[in-house]
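Have a look at the structure below, then the notes.
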Amino acid sequence: MSRRTTLSGIFQQSVEGLAAANFDEREEPRGHAGPVKSMALTLGRMEDEAKALQEALKSGHHVQDLDPASIDPSFVRDRLEDIEFSEDDPFVRSIAENGQEVPILVRPHPTEQGRYQVAYGHRRLKAAMVLGIKVKAVIREFDDQSLVIAQGIENGERKNLSYIERVAFALALEQRGFPRHVIMKALSTDKTELSKMLSVAANVPSELIRLVGSAPGIGRRKWLALSEALSPRTLATATARLGKAEARALTSDERFELALASVTAKGGREAPAVQWSPKAGGDIAASIKTGRKTFVLSLKSTEAAAFGNYLSKRLDELFEDFLKTRGD
């Protein structure tokens, strides 16, 4: 069952003849999901979903302009970090210049009169907030299951959930009592893959996930390796390392590698090297190795000697700044 079919079904449940044709409540066929199917929706798929929405609108669902302040997010959080936009973001600029071409999908808030809850279109809602404009929305009555399925569809839009965000989303849905076939639809996955996700969720504490972050470049294999290597002792080591100021300065992917090295290192050996290159660009790179009592920074490039001398002359200043951060 394609995502276009699912989205079309959510919008058209009450339209005679369309619901039966487009919204199949059965579980997805075996062999239809897994890691490949869990990858990003292509732009063509997104266009298909927009067409499904337009078909629903033609069936009598009217677009309304709503105040973004009256719309709450879904009751299940799916991202570890909040959606952050500035007015210079290309997505925001596109809406500012061309208008909001596709409405968002909301339902009346189940407990608060006069408010709404978004199912599909979190990014468009956030962009409208940044621009200070009203958001175009279709208002429908639908249940929690339909909401999380629509939310799962949105997760393929532009920026996918990382693997660990999918794990956290699956766990949150299970803890709220959603049946497995609904979770599989929301994540476009199968029973085997979902079982692996929930295994990672059961073994990796939420505090460690929070310290690592979304880790967009880290996939299932490495998270499973971390999950299987964790023990009370190695968990304490990884948590302590990730809590340090120098770890917080790393990218999320680098923090994961540090955590994995912390739980898999044997006999106190040094952790595998982390690679660094400047965000501003430049002909220089670094290899960073962290041991229990050592930290080795190796610079490589034609600029290595010059930049190394620059750092050396400022070690006293940098160490004073480091001491200040320990009190934060």
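The way I read the labels, and the way they are meant: chains A, B, ... in the order of the structure tokens, residue 1 as the first residue of every chain, and ligand 1 as the first ligand shown, with later ones counted on from there.
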TODO: Extract, using only C-alpha atoms, all DNA, RNA and protein residues at most 7 Å from segment 293-301 of chain A, discarding same-chain residues fewer than 5 positions from it, and format them as a PyMOL selection string.
DONE: chain A and resi 283-288
Keeping only C-alpha atoms, write those residues as a CSV table (one decimal), in the first residue's frame.
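Listing of again_3.csv after writing:
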```
chain,number,residue,atom,x,y,z
A,283,ASP,CA,42.7,22.9,3.5
A,284,ILE,CA,43.0,21.2,6.9
A,285,ALA,CA,41.7,18.1,8.7
A,286,ALA,CA,42.2,16.6,12.1
A,287,SER,CA,42.2,13.1,13.6
A,288,ILE,CA,41.1,13.0,17.3
```
Open item on the list: Quick one: residues within 9 Å of Met197 of chain A, only C-alpha atoms, excluding same-chain residues fewer than 2 positions away - as a PyMOL selection string?
Closed with: chain A and resi 163-164+166-168+170-171+192-195+199-202+220+224
Task: Which of segment 99-254 of chain A fall in strand (DSSP E), as a PyMOL selection string - done: chain A and resi 104-108+116-120+135-139
